[in-house]
>>> print(open('target_28.cif').read())   # mmCIF, C-alpha atoms
data_query
#
loop_
_atom_site.group_PDB
_atom_site.id
_atom_site.type_symbol
_atom_site.label_atom_id
_atom_site.label_comp_id
_atom_site.auth_asym_id
_atom_site.auth_seq_id
_atom_site.Cartn_x
_atom_site.Cartn_y
_atom_site.Cartn_z
ATOM 1 C CA MET A 1 0.000 0.000 0.000
ATOM 2 C CA ILE A 2 1.354 3.411 -0.934
ATOM 3 C CA THR A 3 1.359 6.144 1.665
ATOM 4 C CA LYS A 4 0.045 9.276 0.027
ATOM 5 C CA ILE A 5 -1.705 12.546 0.651
ATOM 6 C CA PRO A 6 -5.029 12.507 -1.192
ATOM 7 C CA VAL A 7 -5.628 15.271 -3.692
ATOM 8 C CA PRO A 8 -9.285 16.045 -4.424
ATOM 9 C CA ASN A 9 -10.108 15.274 -8.044
ATOM 10 C CA HIS A 10 -12.014 18.529 -8.354
ATOM 11 C CA SER A 11 -9.135 20.787 -7.331
ATOM 12 C CA LYS A 12 -7.836 23.251 -9.888
ATOM 13 C CA LYS A 13 -4.241 22.214 -9.174
ATOM 14 C CA ASN A 14 -5.088 18.548 -9.761
ATOM 15 C CA GLU A 15 -6.792 19.460 -13.039
ATOM 16 C CA SER A 16 -3.691 21.393 -14.125
ATOM 17 C CA LEU A 17 -1.523 18.416 -13.155
ATOM 18 C CA ARG A 18 -3.669 16.028 -15.189
ATOM 19 C CA ASN A 19 -3.621 18.380 -18.181
ATOM 20 C CA LEU A 20 0.168 18.634 -18.005
ATOM 21 C CA ALA A 21 0.538 14.843 -17.728
ATOM 22 C CA LYS A 22 -1.686 14.350 -20.801
ATOM 23 C CA GLU A 23 0.592 16.411 -23.038
ATOM 24 C CA ALA A 24 2.789 14.503 -25.466
ATOM 25 C CA ALA A 25 6.062 13.649 -23.774
ATOM 26 C CA ASN A 26 8.541 13.363 -26.596
ATOM 27 C CA PRO A 27 12.286 13.718 -26.230
ATOM 28 C CA PRO A 28 13.167 17.325 -27.020
ATOM 29 C CA PRO A 29 14.995 18.026 -30.264
ATOM 30 C CA LYS A 30 18.775 18.305 -29.964
ATOM 31 C CA ASP A 31 18.596 22.042 -30.763
ATOM 32 C CA ALA A 32 15.994 22.786 -28.054
ATOM 33 C CA THR A 33 16.879 25.277 -25.362
ATOM 34 C CA PRO A 34 16.414 24.747 -21.623
ATOM 35 C CA LEU A 35 13.375 26.333 -20.005
ATOM 36 C CA SER A 36 13.782 29.802 -18.555
ATOM 37 C CA ASP A 37 13.628 30.303 -14.793
ATOM 38 C CA THR A 38 10.169 31.845 -15.255
ATOM 39 C CA ASP A 39 8.887 28.813 -17.165
ATOM 40 C CA ILE A 40 10.422 26.446 -14.610
ATOM 41 C CA GLN A 41 8.672 28.267 -11.755
ATOM 42 C CA ALA A 42 5.346 28.202 -13.613
ATOM 43 C CA HIS A 43 5.611 24.429 -14.135
ATOM 44 C CA LEU A 44 6.710 23.873 -10.521
ATOM 45 C CA GLU A 45 3.472 25.506 -9.350
ATOM 46 C CA VAL A 46 1.513 22.705 -11.020
ATOM 47 C CA LEU A 47 3.541 19.909 -9.416
ATOM 48 C CA GLU A 48 3.324 18.965 -5.748
ATOM 49 C CA ASN A 49 6.493 19.066 -3.655
ATOM 50 C CA TRP A 50 8.940 18.718 -6.514
ATOM 51 C CA ASN A 51 12.262 20.466 -6.002
ATOM 52 C CA LEU A 52 15.150 21.721 -8.058
ATOM 53 C CA SER A 53 18.618 20.456 -7.314
ATOM 54 C CA THR A 54 21.921 21.410 -8.887
ATOM 55 C CA GLU A 55 24.611 18.794 -9.323
ATOM 56 C CA SER A 56 27.734 19.267 -11.441
ATOM 57 C CA ASP A 57 26.230 22.417 -12.969
ATOM 58 C CA ARG A 58 23.115 20.489 -14.003
ATOM 59 C CA THR A 59 19.643 21.356 -12.757
ATOM 60 C CA TRP A 60 17.476 18.391 -11.817
ATOM 61 C CA LEU A 61 13.751 18.242 -11.107
ATOM 62 C CA LEU A 62 13.285 15.756 -8.292
ATOM 63 C CA LYS A 63 10.927 14.325 -5.752
ATOM 64 C CA THR A 64 11.098 11.552 -3.189
ATOM 65 C CA PHE A 65 7.973 9.418 -2.899
ATOM 66 C CA LYS A 66 7.280 7.496 0.336
ATOM 67 C CA PHE A 67 5.961 3.922 0.559
ATOM 68 C CA ARG A 68 5.067 1.407 3.244
ATOM 69 C CA SER A 69 7.062 -1.437 1.730
ATOM 70 C CA TYR A 70 9.911 -2.223 -0.610
ATOM 71 C CA LEU A 71 7.573 -4.003 -3.037
ATOM 72 C CA ALA A 72 5.249 -0.997 -3.247
ATOM 73 C CA ALA A 73 8.275 1.190 -4.003
ATOM 74 C CA LEU A 74 9.442 -1.317 -6.617
ATOM 75 C CA ASP A 75 6.006 -1.390 -8.284
ATOM 76 C CA PHE A 76 6.036 2.409 -8.504
ATOM 77 C CA THR A 77 9.585 2.334 -9.900
ATOM 78 C CA ASN A 78 8.498 -0.080 -12.618
ATOM 79 C CA SER A 79 5.485 2.083 -13.511
ATOM 80 C CA VAL A 80 7.665 5.187 -13.828
ATOM 81 C CA ALA A 81 10.174 3.176 -15.878
ATOM 82 C CA LYS A 82 7.385 2.191 -18.296
ATOM 83 C CA LEU A 83 6.235 5.812 -18.545
ATOM 84 C CA ALA A 84 9.810 6.868 -19.297
ATOM 85 C CA GLU A 85 10.426 4.092 -21.806
ATOM 86 C CA ASP A 86 7.214 4.909 -23.662
ATOM 87 C CA ALA A 87 8.325 8.555 -23.884
ATOM 88 C CA GLY A 88 11.947 7.778 -24.760
ATOM 89 C CA HIS A 89 13.095 10.053 -21.932
ATOM 90 C CA HIS A 90 14.548 8.460 -18.819
ATOM 91 C CA PRO A 91 14.961 9.781 -15.265
ATOM 92 C CA ARG A 92 17.401 8.920 -12.558
ATOM 93 C CA ILE A 93 15.527 6.599 -10.218
ATOM 94 C CA ILE A 94 16.845 5.677 -6.784
ATOM 95 C CA LEU A 95 14.941 2.826 -5.146
ATOM 96 C CA GLU A 96 15.310 2.308 -1.413
ATOM 97 C CA TRP A 97 13.217 0.605 1.235
ATOM 98 C CA GLY A 98 10.170 2.805 1.707
ATOM 99 C CA LYS A 99 11.073 5.472 -0.807
ATOM 100 C CA VAL A 100 11.838 6.222 -4.430
ATOM 101 C CA THR A 101 13.562 9.363 -5.645
ATOM 102 C CA VAL A 102 12.827 10.348 -9.238
ATOM 103 C CA ALA A 103 14.983 13.017 -10.888
ATOM 104 C CA TRP A 104 14.441 14.417 -14.383
ATOM 105 C CA HIS A 105 16.983 16.298 -16.505
ATOM 106 C CA THR A 106 17.476 16.642 -20.254
ATOM 107 C CA PHE A 107 21.150 15.966 -20.932
ATOM 108 C CA ASP A 108 20.980 16.865 -24.624
ATOM 109 C CA ILE A 109 20.136 20.482 -23.796
ATOM 110 C CA GLY A 110 21.967 20.728 -20.472
ATOM 111 C CA GLY A 111 18.906 21.709 -18.472
ATOM 112 C CA LEU A 112 15.208 21.207 -17.958
ATOM 113 C CA HIS A 113 12.727 20.909 -20.803
ATOM 114 C CA LYS A 114 8.934 20.841 -20.671
ATOM 115 C CA THR A 115 9.150 17.073 -21.223
ATOM 116 C CA ASP A 116 10.763 16.750 -17.782
ATOM 117 C CA PHE A 117 7.732 18.428 -16.220
ATOM 118 C CA ILE A 118 5.237 16.421 -18.269
ATOM 119 C CA LEU A 119 6.824 13.171 -17.123
ATOM 120 C CA ALA A 120 7.125 14.425 -13.531
ATOM 121 C CA ALA A 121 3.377 15.082 -13.621
ATOM 122 C CA GLY A 122 2.872 11.573 -14.969
ATOM 123 C CA ALA A 123 4.947 10.089 -12.128
ATOM 124 C CA GLN A 124 2.982 12.118 -9.613
ATOM 125 C CA LEU A 125 -0.306 10.827 -11.049
ATOM 126 C CA ILE A 126 0.949 7.245 -10.942
ATOM 127 C CA TYR A 127 1.719 7.777 -7.261
ATOM 128 C CA SER A 128 -1.598 9.434 -6.460
ATOM 129 C CA GLU A 129 -3.643 6.782 -8.257
ATOM 130 C CA THR A 130 -1.924 3.739 -6.803
#
>>> encode(input="target_28.cif", output="structure tokens")
Amino acid sequence: MITKIPVPNHSKKNESLRNLAKEAANPPPKDATPLSDTDIQAHLEVLENWNLSTESDRTWLLKTFKFRSYLAALDFTNSVAKLAEDAGHHPRIILEWGKVTVAWHTFDIGGLHKTDFILAAGAQLIYSET
């Protein structure tokens, strides 16, 4: 069983999250540019408790999800992996007992792209609907 904070289906934020997750998540073209700080902040407002982290001059979009068991965390990991594989855009996933950290970054452009936020929204929905 996944430990989660319920989000009412009728909330405006949840609707925005679902709309973002429904967008096509295709790998960005090689000549795409990273999102601006303004765009990043606007997308962060739609997501719940996602954070930015900088590592080796790379900005990552990340969140740690909590679970009651290792198997629940593994099931979530596999669902996110399928989402990523279907989109052709893969996150860093760290699986531990009781938690999974998912971190998105677009290496080809050296920053964050809208695809990172679309897939983060998808991961968040997987978590909330499990």
>>> atom_distance(input="target_28.cif", atom1="atom CA of Phe65 of chain A", atom2="atom CA of Ile94 of chain A")
10.4 Å
>>> atom_distance(input="target_28.cif", atom1="atom CA of Phe107 of chain A", atom2="atom CA of Ala72 of chain A")
29.2 Å
>>> residues_around(input="target_28.cif", residues="Asp31 of chain A", least_positions_apart="5", cutoff="12 Å", atoms="only C-alpha atoms", output="JSON, numbers by chain")
{"A": [106, 107, 108, 109, 110, 113]}
>>> residues_near_point(input="target_28.cif", point="(14.3, 8.4, -22.2)", cutoff="10 Å", atoms="only C-alpha atoms", output="ChimeraX atom specification")
/A:25-27,81,83-91,104,106
>>> atom_distance(input="target_28.cif", atom1="atom CA of Asn14 of chain A", atom2="atom CA of Arg58 of chain A")
28.6 Å
>>> resolve_selection(input="target_28.cif", expression="the PyMOL selection byres ((chain A and resi 64) around 7)", output="mmCIF file with C-alpha atoms, in the frame of the given file")
data_model
loop_
_atom_site.group_PDB
_atom_site.id
_atom_site.type_symbol
_atom_site.label_atom_id
_atom_site.label_comp_id
_atom_site.auth_asym_id
_atom_site.auth_seq_id
_atom_site.Cartn_x
_atom_site.Cartn_y
_atom_site.Cartn_z
ATOM 1 C CA LEU A 62 13.285 15.756 -8.292
ATOM 2 C CA LYS A 63 10.927 14.325 -5.752
ATOM 3 C CA PHE A 65 7.973 9.418 -2.899
ATOM 4 C CA LYS A 66 7.280 7.496 0.336
ATOM 5 C CA LYS A 99 11.073 5.472 -0.807
ATOM 6 C CA VAL A 100 11.838 6.222 -4.430
ATOM 7 C CA THR A 101 13.562 9.363 -5.645
ATOM 8 C CA VAL A 102 12.827 10.348 -9.238
#
>>> resolve_selection(input="target_28.cif", expression="the PyMOL selection byres ((chain A and resi 35-48) around 6)", output="ChimeraX atom specification")
/A:17,34,49-50,112-113
>>> closest_residue(input="target_28.cif", among="A:Leu119, A:Val80, A:Ala103, A:Ile126", to="Trp60 of chain A", atoms="all atoms listed in the file")
A:Ala103
>>> resolve_selection(input="target_28.cif", expression="the PyMOL selection byres ((chain A and resi 73) around 10)", output="list in words")
Met1, Ile2, Phe65, Lys66, Phe67, Arg68, Ser69, Tyr70, Leu71, Ala72, Leu74, Asp75, Phe76, Thr77, Asn78, Ser79, Leu95, Glu96, Trp97, Gly98, Lys99, Val100, Thr101 and Tyr127 of chain A
>>> axis_aligned_box(input="target_28.cif", around="segment 120-125 of chain A", padding_each_side="4 Å", output="AutoDock Vina command-line options")
--center_x 3.4 --center_y 12.6 --center_z -12.3 --size_x 15.4 --size_y 13.0 --size_z 13.4
>>> closest_residue(input="target_28.cif", among="A:Ala21, A:Ala32, A:Thr54, A:Ile93", to="Phe117 of chain A", atoms="all atoms listed in the file")
A:Ala21
>>> decode(input="target_28.cif", residues="segment 1-129 of chain A", atoms="C-alpha atoms", output="CSV table (one decimal), in the first residue's frame")
chain,number,residue,atom,x,y,z
A,1,MET,CA,0.0,0.0,0.0
A,2,ILE,CA,1.4,3.4,-0.9
A,3,THR,CA,1.4,6.1,1.7
A,4,LYS,CA,0.0,9.3,0.0
A,5,ILE,CA,-1.7,12.5,0.7
A,6,PRO,CA,-5.0,12.5,-1.2
A,7,VAL,CA,-5.6,15.3,-3.7
A,8,PRO,CA,-9.3,16.0,-4.4
A,9,ASN,CA,-10.1,15.3,-8.0
A,10,HIS,CA,-12.0,18.5,-8.4
A,11,SER,CA,-9.1,20.8,-7.3
A,12,LYS,CA,-7.8,23.3,-9.9
A,13,LYS,CA,-4.2,22.2,-9.2
A,14,ASN,CA,-5.1,18.5,-9.8
A,15,GLU,CA,-6.8,19.5,-13.0
A,16,SER,CA,-3.7,21.4,-14.1
A,17,LEU,CA,-1.5,18.4,-13.2
A,18,ARG,CA,-3.7,16.0,-15.2
A,19,ASN,CA,-3.6,18.4,-18.2
A,20,LEU,CA,0.2,18.6,-18.0
A,21,ALA,CA,0.5,14.8,-17.7
A,22,LYS,CA,-1.7,14.3,-20.8
A,23,GLU,CA,0.6,16.4,-23.0
A,24,ALA,CA,2.8,14.5,-25.5
A,25,ALA,CA,6.1,13.6,-23.8
A,26,ASN,CA,8.5,13.4,-26.6
A,27,PRO,CA,12.3,13.7,-26.2
A,28,PRO,CA,13.2,17.3,-27.0
A,29,PRO,CA,15.0,18.0,-30.3
A,30,LYS,CA,18.8,18.3,-30.0
A,31,ASP,CA,18.6,22.0,-30.8
A,32,ALA,CA,16.0,22.8,-28.1
A,33,THR,CA,16.9,25.3,-25.4
A,34,PRO,CA,16.4,24.7,-21.6
A,35,LEU,CA,13.4,26.3,-20.0
A,36,SER,CA,13.8,29.8,-18.6
A,37,ASP,CA,13.6,30.3,-14.8
A,38,THR,CA,10.2,31.8,-15.3
A,39,ASP,CA,8.9,28.8,-17.2
A,40,ILE,CA,10.4,26.4,-14.6
A,41,GLN,CA,8.7,28.3,-11.8
A,42,ALA,CA,5.3,28.2,-13.6
A,43,HIS,CA,5.6,24.4,-14.1
A,44,LEU,CA,6.7,23.9,-10.5
A,45,GLU,CA,3.5,25.5,-9.3
A,46,VAL,CA,1.5,22.7,-11.0
A,47,LEU,CA,3.5,19.9,-9.4
A,48,GLU,CA,3.3,19.0,-5.7
A,49,ASN,CA,6.5,19.1,-3.7
A,50,TRP,CA,8.9,18.7,-6.5
A,51,ASN,CA,12.3,20.5,-6.0
A,52,LEU,CA,15.1,21.7,-8.1
A,53,SER,CA,18.6,20.5,-7.3
A,54,THR,CA,21.9,21.4,-8.9
A,55,GLU,CA,24.6,18.8,-9.3
A,56,SER,CA,27.7,19.3,-11.4
A,57,ASP,CA,26.2,22.4,-13.0
A,58,ARG,CA,23.1,20.5,-14.0
A,59,THR,CA,19.6,21.4,-12.8
A,60,TRP,CA,17.5,18.4,-11.8
A,61,LEU,CA,13.8,18.2,-11.1
A,62,LEU,CA,13.3,15.8,-8.3
A,63,LYS,CA,10.9,14.3,-5.8
A,64,THR,CA,11.1,11.6,-3.2
A,65,PHE,CA,8.0,9.4,-2.9
A,66,LYS,CA,7.3,7.5,0.3
A,67,PHE,CA,6.0,3.9,0.6
A,68,ARG,CA,5.1,1.4,3.2
A,69,SER,CA,7.1,-1.4,1.7
A,70,TYR,CA,9.9,-2.2,-0.6
A,71,LEU,CA,7.6,-4.0,-3.0
A,72,ALA,CA,5.2,-1.0,-3.2
A,73,ALA,CA,8.3,1.2,-4.0
A,74,LEU,CA,9.4,-1.3,-6.6
A,75,ASP,CA,6.0,-1.4,-8.3
A,76,PHE,CA,6.0,2.4,-8.5
A,77,THR,CA,9.6,2.3,-9.9
A,78,ASN,CA,8.5,-0.1,-12.6
A,79,SER,CA,5.5,2.1,-13.5
A,80,VAL,CA,7.7,5.2,-13.8
A,81,ALA,CA,10.2,3.2,-15.9
A,82,LYS,CA,7.4,2.2,-18.3
A,83,LEU,CA,6.2,5.8,-18.5
A,84,ALA,CA,9.8,6.9,-19.3
A,85,GLU,CA,10.4,4.1,-21.8
A,86,ASP,CA,7.2,4.9,-23.7
A,87,ALA,CA,8.3,8.6,-23.9
A,88,GLY,CA,11.9,7.8,-24.8
A,89,HIS,CA,13.1,10.1,-21.9
A,90,HIS,CA,14.5,8.5,-18.8
A,91,PRO,CA,15.0,9.8,-15.3
A,92,ARG,CA,17.4,8.9,-12.6
A,93,ILE,CA,15.5,6.6,-10.2
A,94,ILE,CA,16.8,5.7,-6.8
A,95,LEU,CA,14.9,2.8,-5.1
A,96,GLU,CA,15.3,2.3,-1.4
A,97,TRP,CA,13.2,0.6,1.2
A,98,GLY,CA,10.2,2.8,1.7
A,99,LYS,CA,11.1,5.5,-0.8
A,100,VAL,CA,11.8,6.2,-4.4
A,101,THR,CA,13.6,9.4,-5.6
A,102,VAL,CA,12.8,10.3,-9.2
A,103,ALA,CA,15.0,13.0,-10.9
A,104,TRP,CA,14.4,14.4,-14.4
A,105,HIS,CA,17.0,16.3,-16.5
A,106,THR,CA,17.5,16.6,-20.3
A,107,PHE,CA,21.1,16.0,-20.9
A,108,ASP,CA,21.0,16.9,-24.6
A,109,ILE,CA,20.1,20.5,-23.8
A,110,GLY,CA,22.0,20.7,-20.5
A,111,GLY,CA,18.9,21.7,-18.5
A,112,LEU,CA,15.2,21.2,-18.0
A,113,HIS,CA,12.7,20.9,-20.8
A,114,LYS,CA,8.9,20.8,-20.7
A,115,THR,CA,9.1,17.1,-21.2
A,116,ASP,CA,10.8,16.8,-17.8
A,117,PHE,CA,7.7,18.4,-16.2
A,118,ILE,CA,5.2,16.4,-18.3
A,119,LEU,CA,6.8,13.2,-17.1
A,120,ALA,CA,7.1,14.4,-13.5
A,121,ALA,CA,3.4,15.1,-13.6
A,122,GLY,CA,2.9,11.6,-15.0
A,123,ALA,CA,4.9,10.1,-12.1
A,124,GLN,CA,3.0,12.1,-9.6
A,125,LEU,CA,-0.3,10.8,-11.0
A,126,ILE,CA,0.9,7.2,-10.9
A,127,TYR,CA,1.7,7.8,-7.3
A,128,SER,CA,-1.6,9.4,-6.5
A,129,GLU,CA,-3.6,6.8,-8.3
